[in-house]
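Chemist: Input file: final-v2.csv. Contents: CSV, C-alpha atoms.
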```
chain,number,residue,atom,x,y,z
A,1,MET,CA,2.7,-27.5,-35.5
A,2,ALA,CA,3.2,-29.7,-32.6
A,3,VAL,CA,2.5,-33.4,-33.2
A,4,MET,CA,0.6,-35.4,-30.7
A,5,LYS,CA,0.1,-39.1,-30.8
A,6,ILE,CA,-3.3,-40.4,-30.0
A,7,ARG,CA,-3.8,-44.0,-29.3
A,8,LYS,CA,-7.1,-45.4,-30.4
A,9,GLY,CA,-8.6,-48.9,-30.1
A,10,HIS,CA,-6.8,-52.0,-31.5
A,11,GLY,CA,-3.4,-50.5,-30.8
A,12,ARG,CA,-3.5,-48.1,-33.7
A,13,ASN,CA,-1.8,-44.8,-33.3
A,14,PHE,CA,-2.7,-41.5,-35.0
A,15,ASP,CA,-0.6,-38.5,-35.3
A,16,VAL,CA,-2.6,-35.4,-34.8
A,17,GLU,CA,-1.1,-32.0,-35.4
A,18,LEU,CA,-2.1,-29.4,-32.8
A,19,PRO,CA,-2.2,-25.8,-34.0
A,20,VAL,CA,-0.1,-24.3,-31.1
A,21,GLU,CA,1.2,-21.5,-33.1
A,22,ALA,CA,-2.0,-19.6,-32.6
A,23,TYR,CA,-1.8,-20.2,-28.8
A,24,ILE,CA,1.9,-19.0,-28.8
A,25,ALA,CA,1.0,-15.9,-30.7
A,26,VAL,CA,-1.8,-15.0,-28.2
A,27,ALA,CA,0.3,-16.0,-25.2
A,28,SER,CA,3.3,-13.9,-26.3
A,29,LYS,CA,1.1,-10.9,-26.8
A,30,LEU,CA,-0.6,-11.5,-23.4
A,31,VAL,CA,2.8,-11.8,-21.7
A,32,THR,CA,4.0,-8.5,-23.3
A,33,TYR,CA,0.8,-6.8,-22.1
A,34,LEU,CA,1.1,-8.1,-18.6
A,35,VAL,CA,4.8,-7.3,-18.3
A,36,ILE,CA,4.1,-3.7,-19.5
A,37,GLY,CA,1.2,-3.3,-17.1
A,38,ALA,CA,2.9,-4.8,-14.1
A,39,VAL,CA,4.0,-2.4,-11.4
A,40,TRP,CA,7.5,-3.3,-10.5
A,41,MET,CA,8.0,-1.0,-7.5
A,42,GLN,CA,7.7,-2.8,-4.2
A,43,LEU,CA,4.6,-1.6,-2.4
A,44,THR,CA,4.4,-2.0,1.3
A,45,GLN,CA,2.0,-0.8,4.0
A,46,ILE,CA,2.0,0.9,7.4
A,47,GLU,CA,-0.8,-0.2,9.7
A,48,VAL,CA,-2.5,2.6,11.5
A,49,ALA,CA,-5.1,2.8,14.2
A,50,LEU,CA,-8.2,4.8,14.0
A,51,PRO,CA,-8.0,8.5,14.7
A,52,SER,CA,-9.8,9.9,17.7
A,53,VAL,CA,-12.0,12.8,17.0
A,54,GLY,CA,-11.8,14.2,20.4
A,55,ASP,CA,-9.0,14.7,22.8
A,56,SER,CA,-5.9,12.7,21.6
A,57,SER,CA,-4.6,12.1,25.1
A,58,SER,CA,-7.7,10.2,26.3
A,59,THR,CA,-7.4,7.4,23.7
A,60,SER,CA,-4.4,5.7,25.3
A,61,ALA,CA,-5.1,6.0,29.0
A,62,GLN,CA,-4.7,2.3,29.4
A,63,GLN,CA,-1.2,2.2,27.9
A,64,GLU,CA,1.9,2.0,30.0
A,65,LEU,CA,3.2,5.4,28.7
A,66,SER,CA,0.7,7.5,26.8
A,67,LEU,CA,3.3,8.6,24.3
A,68,THR,CA,2.0,11.3,22.0
A,69,ILE,CA,3.9,13.2,19.3
A,70,LYS,CA,2.2,16.5,18.6
A,71,VAL,CA,3.0,17.7,15.2
A,72,ASP,CA,2.2,21.0,13.7
A,73,GLU,CA,3.6,23.2,10.9
A,74,LYS,CA,6.1,24.9,13.3
A,75,GLN,CA,7.3,22.2,15.6
A,76,ILE,CA,7.2,18.7,17.0
A,77,GLN,CA,6.6,18.0,20.7
A,78,ILE,CA,6.7,14.7,22.6
A,79,VAL,CA,4.2,14.4,25.3
A,80,ALA,CA,3.8,11.5,27.7
A,81,SER,CA,1.9,10.6,30.8
A,82,GLY,CA,4.9,11.7,32.9
A,83,GLY,CA,5.2,15.1,31.3
A,84,SER,CA,6.4,16.6,28.1
A,85,LEU,CA,9.7,17.4,26.4
A,86,PRO,CA,10.5,20.9,25.1
A,87,PRO,CA,9.3,21.2,21.5
A,88,PHE,CA,11.7,20.8,18.6
A,89,PRO,CA,11.2,23.7,16.2
A,90,ASN,CA,11.4,23.0,12.5
A,91,LEU,CA,14.8,23.3,10.8
A,92,PRO,CA,15.7,26.5,9.0
A,93,ASP,CA,14.5,25.0,5.7
A,94,GLY,CA,11.1,24.4,7.1
A,95,GLU,CA,11.5,20.6,7.4
A,96,PHE,CA,10.7,18.7,10.6
A,97,ASP,CA,13.7,18.1,12.9
A,98,LEU,CA,13.5,14.4,12.4
A,99,PRO,CA,17.1,13.6,13.7
A,100,LYS,CA,16.2,15.2,17.0
A,101,LEU,CA,12.9,13.3,17.2
A,102,GLU,CA,14.7,10.1,16.4
A,103,GLU,CA,17.3,10.8,19.1
A,104,LYS,CA,14.6,11.5,21.7
A,105,LEU,CA,12.5,8.5,20.8
A,106,GLY,CA,15.7,6.4,21.1
A,107,GLU,CA,16.2,7.7,24.6
A,108,ILE,CA,12.6,6.9,25.5
A,109,LYS,CA,12.9,3.4,24.0
A,110,THR,CA,15.9,2.6,26.2
A,111,LYS,CA,13.9,3.6,29.3
A,112,PHE,CA,10.6,1.9,28.2
A,113,GLN,CA,11.6,-1.0,26.1
A,114,GLY,CA,8.1,-2.6,26.1
A,115,GLN,CA,6.5,0.5,24.8
A,116,ARG,CA,5.4,0.1,21.2
A,117,GLU,CA,2.4,2.3,20.9
A,118,VAL,CA,2.6,5.9,19.9
A,119,ILE,CA,0.0,8.5,19.0
A,120,LEU,CA,0.8,10.9,16.2
A,121,ALA,CA,-1.4,13.9,16.8
A,122,VAL,CA,-1.1,15.8,13.5
A,123,GLN,CA,-2.3,19.2,12.4
A,124,ALA,CA,-4.8,19.1,9.6
A,125,THR,CA,-2.6,21.0,7.1
A,126,ILE,CA,0.4,18.6,7.4
A,127,LYS,CA,1.2,16.8,4.1
A,128,TYR,CA,0.7,13.0,4.0
A,129,GLU,CA,4.3,12.5,2.9
A,130,LYS,CA,5.6,14.2,6.0
A,131,ILE,CA,3.3,12.1,8.2
A,132,VAL,CA,4.8,9.0,6.6
A,133,ASN,CA,8.3,10.4,7.3
A,134,LEU,CA,7.4,10.8,11.0
A,135,MET,CA,6.0,7.2,11.0
A,136,ASP,CA,9.3,5.9,9.6
A,137,VAL,CA,11.2,7.5,12.5
A,138,CYS,CA,8.8,5.9,14.9
A,139,ILE,CA,9.0,2.5,13.2
A,140,ARG,CA,12.8,2.7,13.1
A,141,LYS,CA,12.9,3.3,16.9
A,142,GLY,CA,10.6,0.4,17.6
A,143,PHE,CA,7.3,2.2,18.0
A,144,ASP,CA,5.3,0.4,15.4
A,145,GLY,CA,1.9,0.6,17.0
A,146,ILE,CA,1.0,4.0,15.4
A,147,ALA,CA,-2.3,5.7,15.9
A,148,LEU,CA,-3.2,8.9,14.1
A,149,SER,CA,-5.1,11.6,15.7
A,150,PRO,CA,-6.1,15.2,14.8
A,151,TYR,CA,-4.5,18.0,16.6
A,152,THR,CA,-5.0,21.7,16.6
A,153,PRO,CA,-2.1,23.7,18.0
A,154,PRO,CA,-3.0,26.6,20.3
A,155,TRP,CA,-1.7,29.1,17.8
A,156,ALA,CA,-3.9,27.8,15.1
A,157,ALA,CA,-7.1,27.3,17.1
A,158,PRO,CA,-8.8,30.6,16.3
A,159,ALA,CA,-8.3,30.2,12.6
A,160,ALA,CA,-9.4,26.6,12.6
A,161,ALA,CA,-12.6,27.1,14.6
A,162,PRO,CA,-14.7,28.7,11.8
A,163,ALA,CA,-13.8,25.9,9.4
A,164,GLY,CA,-15.3,23.4,11.8
A,165,LYS,CA,-12.1,21.5,12.4
B,1,MET,CA,34.0,-29.3,-44.5
B,2,ALA,CA,32.7,-31.0,-47.7
B,3,PHE,CA,31.6,-34.0,-45.7
B,4,PHE,CA,29.7,-31.8,-43.3
B,5,SER,CA,27.9,-29.8,-46.0
B,6,ARG,CA,27.0,-33.0,-47.9
B,7,LYS,CA,25.5,-34.5,-44.8
B,8,LYS,CA,23.5,-31.4,-44.0
B,9,LYS,CA,22.1,-31.3,-47.5
B,10,HIS,CA,20.5,-34.7,-47.2
B,11,ALA,CA,19.4,-34.3,-43.6
B,12,GLU,CA,15.8,-33.6,-42.8
B,13,LEU,CA,14.9,-30.5,-40.9
B,14,PRO,CA,14.5,-31.4,-37.3
B,15,LYS,CA,11.0,-31.0,-35.9
B,16,VAL,CA,10.8,-28.3,-33.2
B,17,SER,CA,8.9,-29.3,-30.2
B,18,LEU,CA,6.7,-26.4,-29.2
B,19,ILE,CA,5.2,-28.2,-26.2
B,20,SER,CA,7.8,-26.9,-23.8
B,21,LEU,CA,7.4,-23.4,-25.1
B,22,VAL,CA,3.6,-23.6,-24.5
B,23,ASP,CA,4.3,-24.8,-21.0
B,24,PHE,CA,6.7,-22.0,-20.4
B,25,PHE,CA,4.2,-19.4,-21.7
B,26,THR,CA,1.4,-20.8,-19.6
B,27,CYS,CA,3.5,-20.7,-16.4
B,28,LEU,CA,4.6,-17.1,-17.2
B,29,ILE,CA,1.1,-16.0,-17.8
B,30,PHE,CA,-0.1,-17.5,-14.5
B,31,PHE,CA,2.9,-15.8,-12.7
B,32,LEU,CA,2.1,-12.4,-14.2
B,33,LEU,CA,-1.6,-12.7,-13.5
B,34,GLN,CA,-0.8,-13.6,-9.9
B,35,ILE,CA,1.3,-10.5,-9.5
B,36,GLN,CA,-1.5,-8.4,-10.9
B,37,ASP,CA,-4.0,-10.1,-8.6
B,38,LEU,CA,-2.1,-9.0,-5.5
B,39,GLY,CA,-4.4,-6.1,-6.4
B,40,ALA,CA,-4.3,-4.1,-3.2
B,41,GLY,CA,-1.0,-2.6,-4.0
B,42,ALA,CA,-0.3,-3.6,-7.6
B,43,VAL,CA,-2.9,-1.3,-9.1
B,44,VAL,CA,-2.1,2.3,-8.3
B,45,SER,CA,-3.9,5.2,-10.0
B,46,LYS,CA,-1.6,7.2,-12.3
B,47,ASP,CA,-2.7,10.3,-10.5
B,48,ILE,CA,-1.2,9.1,-7.2
B,49,GLN,CA,2.4,9.3,-6.2
B,50,LEU,CA,2.8,7.2,-3.1
B,51,PRO,CA,5.2,8.4,-0.4
B,52,LEU,CA,8.4,6.4,0.3
B,53,SER,CA,8.8,4.5,3.5
B,54,ILE,CA,11.1,2.0,5.2
B,55,SER,CA,8.1,-0.2,6.1
B,56,THR,CA,8.5,-3.8,4.9
B,57,ILE,CA,5.1,-5.1,5.7
B,58,GLU,CA,3.7,-6.7,2.6
B,59,ILE,CA,0.4,-5.5,1.2
B,60,LYS,CA,-2.5,-7.8,1.7
B,61,SER,CA,-5.5,-8.0,-0.5
B,62,SER,CA,-8.0,-5.5,0.8
B,63,THR,CA,-10.6,-2.9,-0.1
B,64,ILE,CA,-8.8,0.1,-1.6
B,65,VAL,CA,-9.6,3.7,-1.0
B,66,ALA,CA,-7.5,6.0,-3.2
B,67,ILE,CA,-7.0,9.7,-2.5
B,68,THR,CA,-5.8,11.5,-5.6
B,69,PRO,CA,-4.9,15.2,-5.4
B,70,THR,CA,-8.6,16.1,-6.3
B,71,ASP,CA,-10.8,13.1,-5.6
B,72,ILE,CA,-11.5,10.1,-3.3
B,73,LEU,CA,-12.0,6.8,-5.1
B,74,VAL,CA,-13.3,3.5,-3.9
B,75,GLU,CA,-12.4,0.5,-6.0
B,76,GLY,CA,-12.0,3.0,-8.9
B,77,PHE,CA,-15.4,4.8,-8.4
B,78,SER,CA,-15.5,8.5,-7.3
B,79,ALA,CA,-16.7,8.9,-3.7
B,80,GLY,CA,-16.2,12.6,-3.3
B,81,HIS,CA,-14.2,15.6,-4.3
B,82,ILE,CA,-11.6,16.7,-1.8
B,83,GLU,CA,-12.4,20.4,-2.2
B,84,GLU,CA,-16.0,19.9,-1.2
B,85,GLU,CA,-15.4,17.3,1.5
B,86,VAL,CA,-12.9,19.3,3.6
B,87,LYS,CA,-15.5,22.0,4.0
B,88,ARG,CA,-18.1,19.6,5.4
B,89,GLU,CA,-18.7,20.0,9.1
B,90,ASP,CA,-19.2,16.3,9.8
B,91,PHE,CA,-16.1,14.2,9.5
B,92,ALA,CA,-17.8,11.4,7.7
B,93,ILE,CA,-17.8,11.4,3.9
B,94,PRO,CA,-21.4,10.3,3.0
B,95,LEU,CA,-20.8,8.7,-0.5
B,96,LEU,CA,-17.7,7.0,0.7
B,97,GLU,CA,-19.5,5.7,3.7
B,98,GLU,CA,-22.3,4.4,1.5
B,99,TYR,CA,-19.8,2.6,-0.8
B,100,LEU,CA,-17.9,1.1,2.1
B,101,ILE,CA,-21.0,-0.2,3.8
B,102,LYS,CA,-22.0,-1.9,0.6
B,103,ILE,CA,-18.6,-3.4,0.2
B,104,ARG,CA,-18.6,-4.5,3.8
B,105,GLU,CA,-22.0,-6.2,3.5
B,106,ARG,CA,-21.0,-8.0,0.3
B,107,ALA,CA,-17.6,-9.1,1.6
B,108,ALA,CA,-19.2,-10.3,4.9
B,109,LYS,CA,-21.7,-12.4,2.9
B,110,GLN,CA,-18.9,-13.9,0.8
B,111,ALA,CA,-16.9,-14.6,3.9
B,112,ALA,CA,-19.9,-16.2,5.7
B,113,ALA,CA,-20.5,-18.4,2.6
B,114,THR,CA,-17.0,-19.8,2.8
B,115,GLY,CA,-17.0,-20.1,6.6
B,116,ALA,CA,-14.3,-17.5,7.0
B,117,GLU,CA,-14.4,-14.4,9.1
B,118,TRP,CA,-14.4,-11.0,7.4
B,119,GLU,CA,-11.3,-9.1,8.6
B,120,GLY,CA,-12.4,-5.6,7.7
B,121,ARG,CA,-9.1,-4.6,6.0
B,122,LEU,CA,-8.8,-1.4,4.2
B,123,ILE,CA,-5.8,0.1,2.3
B,124,ILE,CA,-5.5,3.8,1.7
B,125,GLN,CA,-3.5,4.8,-1.3
B,126,GLY,CA,-2.9,8.5,-0.7
B,127,HIS,CA,-1.1,10.9,-3.0
B,128,LYS,CA,2.0,12.2,-1.1
B,129,ASP,CA,0.8,15.9,-1.1
B,130,VAL,CA,-2.7,15.5,0.3
B,131,ASN,CA,-3.3,17.0,3.7
B,132,PHE,CA,-4.0,15.2,6.9
B,133,GLU,CA,-7.4,16.9,6.9
B,134,ILE,CA,-8.7,14.6,4.2
B,135,LEU,CA,-6.8,11.6,5.4
B,136,LYS,CA,-8.4,11.8,8.9
B,137,ARG,CA,-11.8,12.1,7.3
B,138,VAL,CA,-11.3,9.0,5.2
B,139,LEU,CA,-10.0,7.1,8.2
B,140,PHE,CA,-12.9,8.2,10.3
B,141,THR,CA,-15.4,7.3,7.6
B,142,ALA,CA,-13.8,3.9,7.1
B,143,GLY,CA,-14.0,3.2,10.9
B,144,LYS,CA,-17.6,4.3,11.0
B,145,SER,CA,-18.3,1.9,8.1
B,146,GLY,CA,-17.0,-1.1,10.0
B,147,PHE,CA,-13.5,-1.4,8.7
B,148,SER,CA,-11.2,-2.0,11.6
B,149,ILE,CA,-7.8,-2.7,10.1
B,150,MET,CA,-6.5,0.2,8.2
B,151,SER,CA,-3.2,0.6,6.4
B,152,LEU,CA,-1.4,3.2,4.4
B,153,ALA,CA,0.1,2.1,1.1
B,154,VAL,CA,3.7,3.3,0.6
B,155,VAL,CA,6.5,2.5,-1.7
B,156,HIS,CA,9.4,0.7,-0.1
B,157,ALA,CA,12.4,3.0,-0.1
B,158,GLY,CA,15.0,0.4,0.8
B,159,GLY,CA,17.7,1.2,3.4
B,160,ASP,CA,17.4,-0.3,6.8
B,161,GLU,CA,14.5,-2.6,7.0
B,162,GLY,CA,12.4,-0.9,9.6
B,163,THR,CA,14.0,-2.7,12.4
B,164,PRO,CA,14.1,-1.0,15.8
B,165,ASP,CA,17.3,0.9,16.4
B,166,ALA,CA,18.8,-0.1,13.1
B,167,LYS,CA,20.2,3.3,12.6
B,168,PRO,CA,22.2,5.3,15.1
B,169,ALA,CA,20.3,8.0,16.9
B,170,GLY,CA,20.4,11.2,15.1
B,171,GLY,CA,20.3,9.8,11.6
B,172,SER,CA,17.2,10.6,9.7
```
In structure tokens, write the structure found in this file.
Modeler:
Amino acid sequence: MAVMKIRKGHGRNFDVELPVEAYIAVASKLVTYLVIGAVWMQLTQIEVALPSVGDSSSTSAQQELSLTIKVDEKQIQIVASGGSLPPFPNLPDGEFDLPKLEEKLGEIKTKFQGQREVILAVQATIKYEKIVNLMDVCIRKGFDGIALSPYTPPWAAPAAAPAGK
Amino acid sequence: MAFFSRKKKHAELPKVSLISLVDFFTCLIFFLLQIQDLGAGAVVSKDIQLPLSISTIEIKSSTIVAITPTDILVEGFSAGHIEEEVKREDFAIPLLEEYLIKIRERAAKQAAATGAEWEGRLIIQGHKDVNFEILKRVLFTAGKSGFSIMSLAVVHAGGDEGTPDAKPAGGS
């Protein structure tokens, strides 16, 4: 027990024993519980703008360069107000050609250094993890103002129509 | 040696001061509680595997919408089943919208009481394998419910710190 001196009137001191063992027992259990329950991985966030339900190209008319990356299951294509680049088909293993995208975004960034906004127009069937991978490439190249927008590639349009997409 | 042992025999056991230990435990508990209270990111449903990202923006306390492989959860409550919601013609998810409007109204009242302005922050904790179909519906519903700042929760993957042109072109 911890001893605590209490001074009362007339200069008399009293030693009072505080039962801190109980507190330590509770505290140690609480610490153990909190340590086990704590999530030690470092969580971060990516801010995104609202998706546009309609035409993806109309949302950024006011921007300097309406840079849009159209992503579907087969390819990636960069489209801007000045025109569009030839699409990059997926790699033989089915993954997006991210190195190529990064290279092209780097070239665009050198020409339009003030440009930070980009619209990711994504097909509905693309996995969330792949979208984050695409966002990482954009962030790495300095395009951190990312907006997400739905996109239906021409080849998928007839199949998507009955589902109401 | 004999001198040492003789002296020890007669010496009183020293009193252990537990006060500093109590202080230490108290500080440690507050620290751990604070980590847990970061809330927005610290509590991730066990059904969700967040994707890895290079983003370094710290998570701010916000309303959380979780997308598990099967369900949409708001603050831990189910707001819809993915299988049913993706078939809906309207993009908005009704139950999610209802929950978010209630949260918005409550948060706006609390903010008004303290003189602060409600920011309308929302964090989406999505399982890495969910489709964009459901993600866009959640984003649309959140926007419709008045949430204007939306973020995707990710696990920091390390590497270059998300700085522009930190990697040579061509590296993925």
Chemist: Can you work out which residues from chain A touch chain B at a cut-off of 8 Å (counting all atoms listed in the file) and hand them back as an NGL selection string?
Modeler: :A and (1-2 or 20 or 23-24 or 27-28 or 30-31 or 34-35 or 38-39 or 41-51 or 98-100 or 102-103 or 106 or 122-129 or 132-133 or 136-137 or 139-143 or 148-150 or 163-165)
Chemist: Can you work out the spacing between CA of Gln113 (chain A) and CA of Glu95 (chain A) in Å, to one decimal?
Modeler: 28.6 Å
Chemist: Give me the residues near Phe77 (chain B) as a list of chain:residue names, where near means some atom within 10 Å (using all atoms listed in the file) and where sequence neighbours in that chain fewer than 4 positions away do not count.
Modeler: B:Val65, B:Ala66, B:Asp71, B:Ile72, B:Leu73, B:Leu96, B:Tyr99
Chemist: Dump C-alpha atoms for the selected residues as an mmCIF file, in the frame of the given file?
Modeler:
```
data_model
loop_
_atom_site.group_PDB
_atom_site.id
_atom_site.type_symbol
_atom_site.label_atom_id
_atom_site.label_comp_id
_atom_site.auth_asym_id
_atom_site.auth_seq_id
_atom_site.Cartn_x
_atom_site.Cartn_y
_atom_site.Cartn_z
ATOM 1 C CA VAL B 65 -9.600 3.700 -1.000
ATOM 2 C CA ALA B 66 -7.500 6.000 -3.200
ATOM 3 C CA ASP B 71 -10.800 13.100 -5.600
ATOM 4 C CA ILE B 72 -11.500 10.100 -3.300
ATOM 5 C CA LEU B 73 -12.000 6.800 -5.100
ATOM 6 C CA LEU B 96 -17.700 7.000 0.700
ATOM 7 C CA TYR B 99 -19.800 2.600 -0.800
#
```
Chemist: Rounded to one decimal, what separation in Å do you get between CA of Glu75 (chain B) and CA of Thr63 (chain B)?
Modeler: 7.0 Å
Chemist: One number please: CA of Thr152 (chain A) to CA of Val71 (chain A), in Å, one decimal.
Modeler: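 Here the two named atoms are 9.1 Å from each other.
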Chemist: Draw an axis-aligned box over all listed atoms of region 116-123 of chain B, pad each side with 3 Å, and write its centre and edge lengths in Å, one decimal, as AutoDock Vina command-line options.
Modeler:
```
--center_x -10.1 --center_y -8.7 --center_z 5.7 --size_x 14.6 --size_y 23.6 --size_z 12.8
```
Chemist: Closest to Pro153 (chain A) among A:Leu67, A:Ile131, A:Leu105, A:Ile76, using all atoms listed in the file?
Modeler: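 Among the listed residues, A:Ile76 lies closest to Pro153 (chain A).
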Chemist: I need the residue nearest Glu105 (chain B) from this list: B:Glu85, B:Val138, B:Ser61, B:Trp118. Use all atoms listed in the file for the distance.
Modeler: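 Of B:Glu85, B:Val138, B:Ser61, B:Trp118, the one nearest Glu105 (chain B), counting all atoms listed in the file, is B:Trp118.
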